[in-house]
file coords08.cif (mmCIF, C-alpha atoms and all ligand atoms)
data_coords
loop_
_atom_site.label_atom_id
_atom_site.label_comp_id
_atom_site.auth_asym_id
_atom_site.auth_seq_id
_atom_site.Cartn_x
_atom_site.Cartn_y
_atom_site.Cartn_z
CA MET A 1 0.00 0.00 0.00
CA LYS A 2 1.33 3.45 -0.92
CA ASN A 3 1.54 5.93 1.98
CA PRO A 4 -0.70 4.09 4.45
CA ARG A 5 -2.16 6.11 7.31
CA ILE A 6 -3.02 4.46 10.58
CA VAL A 7 -4.55 5.49 13.89
CA THR A 8 -3.42 3.99 17.16
CA VAL A 9 -5.62 4.03 20.25
CA GLN A 10 -3.82 3.68 23.57
CA ASP A 11 -2.87 5.70 26.64
CA ILE A 12 -0.21 8.33 27.12
CA SER A 13 1.94 7.21 30.02
CA CYS A 14 3.98 10.41 30.30
CA VAL A 15 6.95 8.55 31.79
CA GLY A 16 7.71 4.84 31.43
CA GLN A 17 8.38 4.06 27.76
CA CYS A 18 5.18 2.29 26.87
CA SER A 19 1.97 2.76 24.87
CA LEU A 20 1.92 5.98 22.80
CA THR A 21 5.45 7.10 23.70
CA VAL A 22 6.76 3.97 21.99
CA ALA A 23 4.08 3.48 19.31
CA LEU A 24 4.55 6.90 17.69
CA PRO A 25 8.34 6.84 17.28
CA ILE A 26 8.41 3.20 16.22
CA ILE A 27 5.64 3.37 13.63
CA SER A 28 7.05 6.67 12.32
CA ALA A 29 10.46 4.99 11.97
CA CYS A 30 8.72 2.37 9.86
CA GLY A 31 7.74 5.18 7.48
CA VAL A 32 4.04 5.02 8.26
CA GLU A 33 1.89 8.07 9.09
CA THR A 34 0.36 7.65 12.54
CA ALA A 35 -2.61 9.49 13.97
CA ILE A 36 -3.38 8.98 17.65
CA LEU A 37 -6.42 8.66 19.85
CA PRO A 38 -5.26 8.82 23.49
CA SER A 39 -7.35 6.60 25.75
CA ALA A 40 -6.07 8.06 29.02
CA VAL A 41 -3.26 10.20 30.37
CA LEU A 42 -1.19 8.80 33.24
CA SER A 43 1.81 10.38 34.94
CA THR A 44 3.60 7.02 34.60
CA HIS A 45 2.63 3.47 33.66
CA THR A 46 1.03 1.34 36.37
CA ALA A 47 3.69 -1.35 36.78
CA GLY A 48 6.05 -0.32 39.55
CA PHE A 49 5.46 3.40 40.11
CA GLN A 50 3.40 4.38 43.17
CA GLY A 51 0.69 7.07 43.22
CA PHE A 52 0.39 7.63 39.48
CA THR A 53 -2.32 9.95 38.13
CA PHE A 54 -4.94 8.58 35.72
CA ARG A 55 -7.23 10.74 33.58
CA ASP A 56 -9.71 8.62 31.66
CA LEU A 57 -10.42 10.16 28.24
CA THR A 58 -13.37 7.91 27.38
CA ASP A 59 -15.78 10.88 27.37
CA ASP A 60 -13.73 12.63 24.67
CA ILE A 61 -13.84 9.73 22.21
CA PRO A 62 -17.40 10.17 20.80
CA ALA A 63 -16.76 13.82 19.84
CA ILE A 64 -13.35 13.02 18.33
CA MET A 65 -14.90 10.19 16.30
CA ALA A 66 -17.83 12.38 15.20
CA HIS A 67 -15.42 15.07 13.99
CA TRP A 68 -13.42 12.54 11.98
CA VAL A 69 -16.65 11.25 10.42
CA ARG A 70 -17.69 14.82 9.47
CA GLU A 71 -14.26 15.40 7.92
CA ASN A 72 -14.39 12.03 6.16
CA ILE A 73 -11.10 11.03 7.82
CA LYS A 74 -10.48 7.29 7.38
CA PHE A 75 -7.56 5.01 8.19
CA ASP A 76 -5.84 2.09 6.46
CA ALA A 77 -5.23 0.45 9.84
CA ILE A 78 -6.58 0.87 13.34
CA TYR A 79 -4.19 -0.43 16.01
CA THR A 80 -5.36 -0.53 19.61
CA GLY A 81 -3.25 -1.08 22.72
CA TYR A 82 -3.89 -0.35 26.40
CA LEU A 83 -7.49 0.82 26.84
CA GLY A 84 -8.68 2.49 30.04
CA SER A 85 -12.22 1.18 30.59
CA THR A 86 -14.83 -1.30 29.35
CA ARG A 87 -16.88 1.54 27.84
CA GLN A 88 -13.83 2.53 25.89
CA ILE A 89 -13.61 -0.96 24.40
CA ALA A 90 -17.18 -0.56 23.10
CA LEU A 91 -16.27 2.83 21.59
CA VAL A 92 -13.29 1.28 19.81
CA GLY A 93 -15.77 -1.18 18.29
CA GLU A 94 -17.66 1.86 16.93
CA LEU A 95 -14.41 3.34 15.64
CA PHE A 96 -13.90 0.13 13.64
CA GLU A 97 -17.27 0.80 11.99
CA ASN A 98 -16.90 4.54 11.43
CA VAL A 99 -13.33 5.43 10.42
CA ALA A 100 -12.09 2.34 8.55
CA ALA A 101 -10.98 2.91 4.94
CA GLN A 102 -11.66 0.18 2.39
CA GLY A 103 -9.51 -2.83 3.35
CA CYS A 104 -8.63 -1.34 6.75
CA VAL A 105 -6.54 -3.71 8.90
CA LYS A 106 -7.82 -3.83 12.48
CA ILE A 107 -5.05 -4.80 14.88
CA VAL A 108 -5.81 -5.37 18.58
CA ASP A 109 -3.13 -5.81 21.21
CA PRO A 110 -5.19 -6.80 24.28
CA ALA A 111 -2.64 -5.15 26.58
CA MET A 112 -4.01 -6.01 30.02
CA ALA A 113 -1.96 -8.80 31.64
CA ASP A 114 1.37 -10.62 31.79
CA HIS A 115 3.05 -13.41 33.77
CA GLY A 116 -0.36 -14.86 34.71
CA VAL A 117 -1.82 -11.67 36.25
CA LEU A 118 -3.93 -8.70 35.12
CA TYR A 119 -2.31 -5.25 35.24
CA THR A 120 -3.43 -2.95 38.08
CA GLY A 121 -6.95 -1.62 37.48
CA PHE A 122 -8.32 -4.44 35.29
CA ASP A 123 -10.75 -7.25 36.16
CA ALA A 124 -12.39 -10.30 34.60
CA ALA A 125 -15.21 -8.18 33.10
CA PHE A 126 -12.61 -6.09 31.26
CA ALA A 127 -10.94 -9.25 29.91
CA LYS A 128 -14.33 -10.44 28.62
CA GLU A 129 -14.97 -7.17 26.77
CA MET A 130 -11.46 -7.28 25.35
CA ALA A 131 -12.15 -10.80 24.06
CA ALA A 132 -15.21 -9.42 22.23
CA LEU A 133 -13.10 -6.66 20.66
CA CYS A 134 -10.54 -9.26 19.55
CA GLY A 135 -13.40 -11.02 17.79
CA LYS A 136 -13.80 -7.95 15.55
CA ALA A 137 -10.09 -7.70 14.67
CA ASP A 138 -8.11 -8.88 11.64
CA VAL A 139 -5.01 -9.51 13.76
CA VAL A 140 -4.72 -9.90 17.52
CA LEU A 141 -1.43 -9.82 19.42
CA PRO A 142 -1.86 -11.40 22.87
CA ASN A 143 0.81 -12.86 25.10
CA ILE A 144 0.02 -16.27 26.59
CA THR A 145 -1.52 -14.77 29.76
CA GLU A 146 -3.88 -12.55 27.76
CA ALA A 147 -4.87 -15.33 25.36
CA ALA A 148 -5.58 -17.74 28.23
CA MET A 149 -7.69 -15.16 30.09
CA MET A 150 -9.74 -14.32 27.00
CA VAL A 151 -10.60 -17.94 26.16
CA ASP A 152 -10.94 -19.29 29.72
CA MET A 153 -8.01 -21.66 29.53
CA PRO A 154 -5.51 -22.12 32.36
CA PHE A 155 -2.33 -20.05 32.10
CA VAL A 156 0.70 -22.33 31.91
CA ALA A 157 4.00 -20.50 32.51
CA GLU A 158 6.34 -23.12 31.08
CA GLY A 159 6.65 -26.77 30.15
CA TYR A 160 3.61 -26.72 27.86
CA ASP A 161 3.56 -28.46 24.49
CA GLU A 162 2.40 -27.45 21.01
CA ALA A 163 -1.09 -28.88 21.68
CA TYR A 164 -1.57 -26.24 24.44
CA ILE A 165 -0.41 -23.40 22.18
CA ARG A 166 -2.54 -24.65 19.27
CA ALA A 167 -5.63 -24.89 21.51
CA LEU A 168 -5.06 -21.34 22.78
CA MET A 169 -4.65 -19.99 19.25
CA ASP A 170 -7.64 -21.90 17.86
CA LYS A 171 -9.81 -20.54 20.64
CA VAL A 172 -8.66 -16.97 19.98
CA LEU A 173 -9.53 -17.44 16.30
CA ALA A 174 -12.90 -18.83 17.38
CA LEU A 175 -13.61 -15.47 19.04
CA GLY A 176 -13.76 -14.17 15.46
CA ALA A 177 -10.24 -12.80 14.91
CA GLY A 178 -8.70 -13.24 11.45
CA ALA A 179 -5.22 -14.10 12.73
CA VAL A 180 -3.43 -14.49 16.03
CA VAL A 181 0.17 -13.54 16.71
CA LEU A 182 1.01 -15.07 20.09
CA THR A 183 4.08 -13.70 21.89
CA GLY A 184 6.27 -15.24 24.57
CA VAL A 185 6.16 -18.80 23.26
CA SER A 186 8.95 -21.17 24.32
CA TYR A 187 9.28 -24.95 23.98
CA ARG A 188 12.97 -25.21 24.89
CA ALA A 189 15.21 -23.62 27.52
CA GLY A 190 17.07 -20.61 26.16
CA GLU A 191 14.65 -19.85 23.33
CA LEU A 192 11.68 -17.52 23.07
CA GLY A 193 9.53 -16.60 20.15
CA VAL A 194 6.31 -15.79 18.44
CA ALA A 195 3.67 -18.02 16.88
CA VAL A 196 1.46 -16.95 13.97
CA LEU A 197 -1.78 -18.66 12.94
CA ARG A 198 -4.16 -17.23 10.36
CA ARG A 199 -7.73 -18.47 9.93
CA GLY A 200 -7.54 -21.45 7.58
CA ASP A 201 -3.80 -22.15 8.13
CA ALA A 202 -3.06 -25.85 8.67
CA GLU A 203 0.10 -25.21 10.68
CA ILE A 204 1.38 -22.60 13.10
CA SER A 205 4.35 -20.55 11.79
CA TYR A 206 7.05 -19.77 14.36
CA TYR A 207 9.97 -17.46 14.78
CA PHE A 208 12.31 -18.19 17.70
CA HIS A 209 15.31 -16.30 19.02
CA GLU A 210 17.47 -16.44 22.13
CA ARG A 211 15.84 -15.87 25.52
CA LEU A 212 17.47 -13.33 27.81
CA THR A 213 17.56 -14.04 31.54
CA LYS A 214 15.96 -10.67 32.37
CA ASN A 215 12.63 -9.30 31.10
CA SER A 216 12.12 -5.62 30.32
CA HIS A 217 8.93 -3.62 30.73
CA GLY A 218 6.97 -2.42 27.70
CA THR A 219 8.19 -5.08 25.29
CA GLY A 220 4.62 -6.03 24.29
CA ASP A 221 3.99 -2.46 23.11
CA ILE A 222 7.34 -2.31 21.30
CA PHE A 223 6.65 -5.61 19.54
CA ALA A 224 3.08 -4.66 18.57
CA SER A 225 4.12 -1.24 17.24
CA ALA A 226 6.96 -2.64 15.12
CA PHE A 227 4.72 -5.46 13.90
CA THR A 228 2.05 -2.95 12.87
CA GLY A 229 4.58 -0.75 11.08
CA ALA A 230 6.15 -3.68 9.25
CA LEU A 231 2.76 -5.12 8.25
CA MET A 232 1.69 -1.76 6.84
CA ARG A 233 4.95 -1.60 4.92
CA GLY A 234 3.72 -4.71 3.10
CA LYS A 235 5.59 -7.44 4.97
CA ALA A 236 3.96 -10.86 5.29
CA MET A 237 2.64 -11.55 8.78
CA ILE A 238 5.42 -13.96 9.80
CA ASP A 239 8.08 -11.58 8.44
CA ALA A 240 6.53 -8.66 10.31
CA ALA A 241 6.57 -10.84 13.46
CA ARG A 242 10.26 -11.74 12.91
CA ILE A 243 11.29 -8.12 12.30
CA ALA A 244 9.36 -6.97 15.38
CA ALA A 245 10.79 -9.76 17.56
CA ASP A 246 14.40 -9.02 16.50
CA PHE A 247 13.87 -5.30 17.15
CA THR A 248 12.35 -5.97 20.59
CA LEU A 249 15.21 -8.31 21.50
CA ALA A 250 17.81 -5.71 20.45
CA GLY A 251 16.11 -3.14 22.70
CA MET A 252 16.13 -5.61 25.59
CA LYS A 253 19.82 -6.30 25.06
CA ALA A 254 20.51 -2.57 25.25
CA THR A 255 18.65 -2.46 28.59
CA VAL A 256 19.69 -5.64 30.36
CA ASP A 257 22.81 -4.30 32.10
CA ASP A 258 21.24 -1.07 33.32
CA ALA A 259 19.67 -1.74 36.72
CA GLU A 260 18.34 1.82 36.93
CA HIS A 261 16.32 1.37 33.76
CA TRP A 262 13.77 -0.99 35.38
CA TYR A 263 10.68 0.79 34.05
CA GLY A 264 11.13 0.38 30.30
CA THR A 265 13.19 -0.80 27.34
CA LYS A 266 15.81 1.22 25.45
CA PHE A 267 14.18 0.63 22.07
CA GLU A 268 15.60 3.91 20.73
CA GLN A 269 19.02 2.31 20.35
CA ALA A 270 17.57 -0.43 18.14
CA LEU A 271 15.64 1.86 15.75
CA PRO A 272 18.40 1.80 13.07
CA LEU A 273 18.12 -2.00 13.02
CA LEU A 274 14.34 -1.77 12.49
CA ILE A 275 14.72 0.73 9.67
CA GLN A 276 17.37 -1.48 8.03
CA ALA A 277 15.21 -4.61 8.36
CA LEU A 278 12.42 -2.84 6.48
CA GLN A 279 14.75 -2.07 3.56
CA ASP A 280 15.64 -5.75 3.04
O1 LIG B 1 2.83 -1.72 28.45
C1 LIG B 1 1.49 -1.85 28.66
C2 LIG B 1 0.96 -0.71 29.47
C3 LIG B 1 0.42 0.39 28.83
N1 LIG B 1 -0.09 1.42 29.51
C4 LIG B 1 -0.09 1.44 30.86
C5 LIG B 1 0.45 0.36 31.57
C6 LIG B 1 0.99 -0.74 30.86
C7 LIG B 1 1.56 -1.86 31.58
O2 LIG B 1 1.75 -1.89 32.74
O3 LIG B 1 0.47 0.39 32.90
C8 LIG B 1 -0.69 2.60 31.60
#
call {"tool": "encode", "arguments": {"input": "coords08.cif", "output": "structure tokens", "more": "lines below"}}
Ligand code: PXL
result
Amino acid sequence: MKNPRIVTVQDISCVGQCSLTVALPIISACGVETAILPSAVLSTHTAGFQGFTFRDLTDDIPAIMAHWVRENIKFDAIYTGYLGSTRQIALVGELFENVAAQGCVKIVDPAMADHGVLYTGFDAAFAKEMAALCGKADVVLPNITEAAMMVDMPFVAEGYDEAYIRALMDKVLALGAGAVVLTGVSYRAGELGVAVLRRGDAEISYYFHERLTKNSHGTGDIFASAFTGALMRGKAMIDAARIAADFTLAGMKATVDDAEHWYGTKFEQALPLLIQALQD
């Protein structure tokens, strides 16, 4: 697609290197025009800082959407990340109806949980609404925790087999999604990767890379943003997943030795690698 324009819906965490402060620079680096719809403004992200502020912007969304409709503003992709409330999830469903250009790719990262637990502020009702939104998407990008919560399967941290991963992915597709890109998959010690299954595929496609001993915060947002940018640059889904995974890993490697940088991932240092990967 020539000069695609996307809109991404997620919060502004002013400090903490996640959501819009990573999505904008990363998708711009991919050469893709990015409009934003902020879902909330927080002083920091919610994972580790105490006493953060949270301004829910749900009430602003209907007027923003109505203005875009009046101006006939439409997007080639709509990419959603962290959403602040269940009502907001319903409004994103309306956005899918109202501002999608012909062939618009709807990408949902159900950013709400990791390592078996929901992020602060979310509950089971939110996970249920998020599952419904995933059912309206062309591509969904859950980690294993998020997928398990949305399809009512147990979360298994490690030692699972391909049958478990396949069941998770089939159930996410059964929600109605067109494709699932599952992050954080590992069958062997020392490796970590991403699994891709599109509706109608016989087999899962995988991309694995080395597993670092330390996790960084915000990697789900970094992966989803780079995946979205690469997909809109015309890459096949598995190639977009590989490019995004390599970029995320490079950012983690830049962060791993810096104990003071606990709150985020130094993705900035890996941007040249992402730009290069999109030239190949
Ligand atoms: O990285 C996901 C994310 C996005 N936005 C906010 C968060 C988190 C994860 O903790 O707290 C506000």
call {"tool": "residues_near_ligand", "arguments": {"input": "coords08.cif", "ligand": "ligand LIG 1 (chain B)", "cutoff": "8 Å", "atoms": "all atoms listed in the file", "output": "list in words"}}
result
Gln10, Asp11, Ile12, Ser13, Cys18, Ser19, Leu42, Thr44, His45, Thr46, Ala47, Gly81, Tyr82, Leu83, Ala111, Met112, Ala113, Tyr119, Thr120, His217, Gly218, Thr219, Gly220 and Asp221 of chain A
call {"tool": "closest_atom_pairs", "arguments": {"input": "coords08.cif", "of": "range 49-145 of chain A", "to": "range 35-38 of chain A", "cutoff": "10 Å", "atoms": "all atoms listed in the file", "output": "CSV"}}
result
residue,atom,partner,partner_atom,distance
A:Asp56,CA,A:Pro38,CA,9.3
A:Leu57,CA,A:Pro38,CA,7.1
A:Thr58,CA,A:Pro38,CA,9.0
A:Asp60,CA,A:Pro38,CA,9.4
A:Ile61,CA,A:Leu37,CA,7.9
A:Ile64,CA,A:Leu37,CA,8.3
A:Met65,CA,A:Leu37,CA,9.3
A:Phe75,CA,A:Ala35,CA,8.8
A:Ile78,CA,A:Ala35,CA,9.5
A:Tyr79,CA,A:Ile36,CA,9.6
A:Thr80,CA,A:Leu37,CA,9.3
A:Tyr82,CA,A:Pro38,CA,9.7
A:Leu83,CA,A:Pro38,CA,9.0
A:Gly84,CA,A:Pro38,CA,9.7
call {"tool": "residues_around", "arguments": {"input": "coords08.cif", "residues": "range 157-174 of chain A", "least_positions_apart": "6", "cutoff": "7 Å", "atoms": "only C-alpha atoms", "output": "list of chain:residue names"}}
result
A:Ala147, A:Ala148, A:Val151, A:Val180, A:Tyr187, A:Arg199
call {"tool": "closest_residue", "arguments": {"input": "coords08.cif", "among": "A:Ala177, A:Ala124, A:Ala63, A:Ala259", "to": "Leu91 in chain A", "atoms": "all atoms listed in the file"}}
result
A:Ala63
call {"tool": "closest_residue", "arguments": {"input": "coords08.cif", "among": "A:Val99, A:Ala127, A:Leu192, A:Ala240", "to": "Val69 in chain A", "atoms": "all atoms listed in the file"}}
result
A:Val99
call {"tool": "atom_distance", "arguments": {"input": "coords08.cif", "atom1": "CA of Lys128 in chain A", "atom2": "CA of Ile27 in chain A"}}
result
28.5 Å
call {"tool": "atom_distance", "arguments": {"input": "coords08.cif", "atom1": "CA of Leu24 in chain A", "atom2": "CA of Ala77 in chain A"}}
result
14.1 Å
call {"tool": "atom_distance", "arguments": {"input": "coords08.cif", "atom1": "CA of Thr183 in chain A", "atom2": "CA of Ala195 in chain A"}}
result
6.6 Å
call {"tool": "closest_residue", "arguments": {"input": "coords08.cif", "among": "A:Lys74, A:Arg5, A:Lys214, A:Arg87", "to": "Pro62 in chain A", "atoms": "all atoms listed in the file"}}
result
A:Arg87
call {"tool": "closest_residue", "arguments": {"input": "coords08.cif", "among": "A:Cys30, A:Ala101, A:Leu271, A:Val256", "to": "Gly229 in chain A", "atoms": "only C-alpha atoms"}}
result
A:Cys30
call {"tool": "closest_residue", "arguments": {"input": "coords08.cif", "among": "A:Ala29, A:Asp201, A:Ala226, A:Asp76", "to": "Gln102 in chain A", "atoms": "all atoms listed in the file"}}
result
A:Asp76
call {"tool": "closest_residue", "arguments": {"input": "coords08.cif", "among": "A:Ala179, A:Leu118, A:Ile204, A:Ile73", "to": "Thr145 in chain A", "atoms": "all atoms listed in the file"}}
result
A:Leu118
call {"tool": "axis_aligned_box", "arguments": {"input": "coords08.cif", "around": "range 252-257 of chain A", "padding_each_side": "6 Å", "output": "JSON"}}
result
{"center_x": 19.5, "center_y": -4.4, "center_z": 28.6, "size_x": 18.7, "size_y": 15.8, "size_z": 19.0}
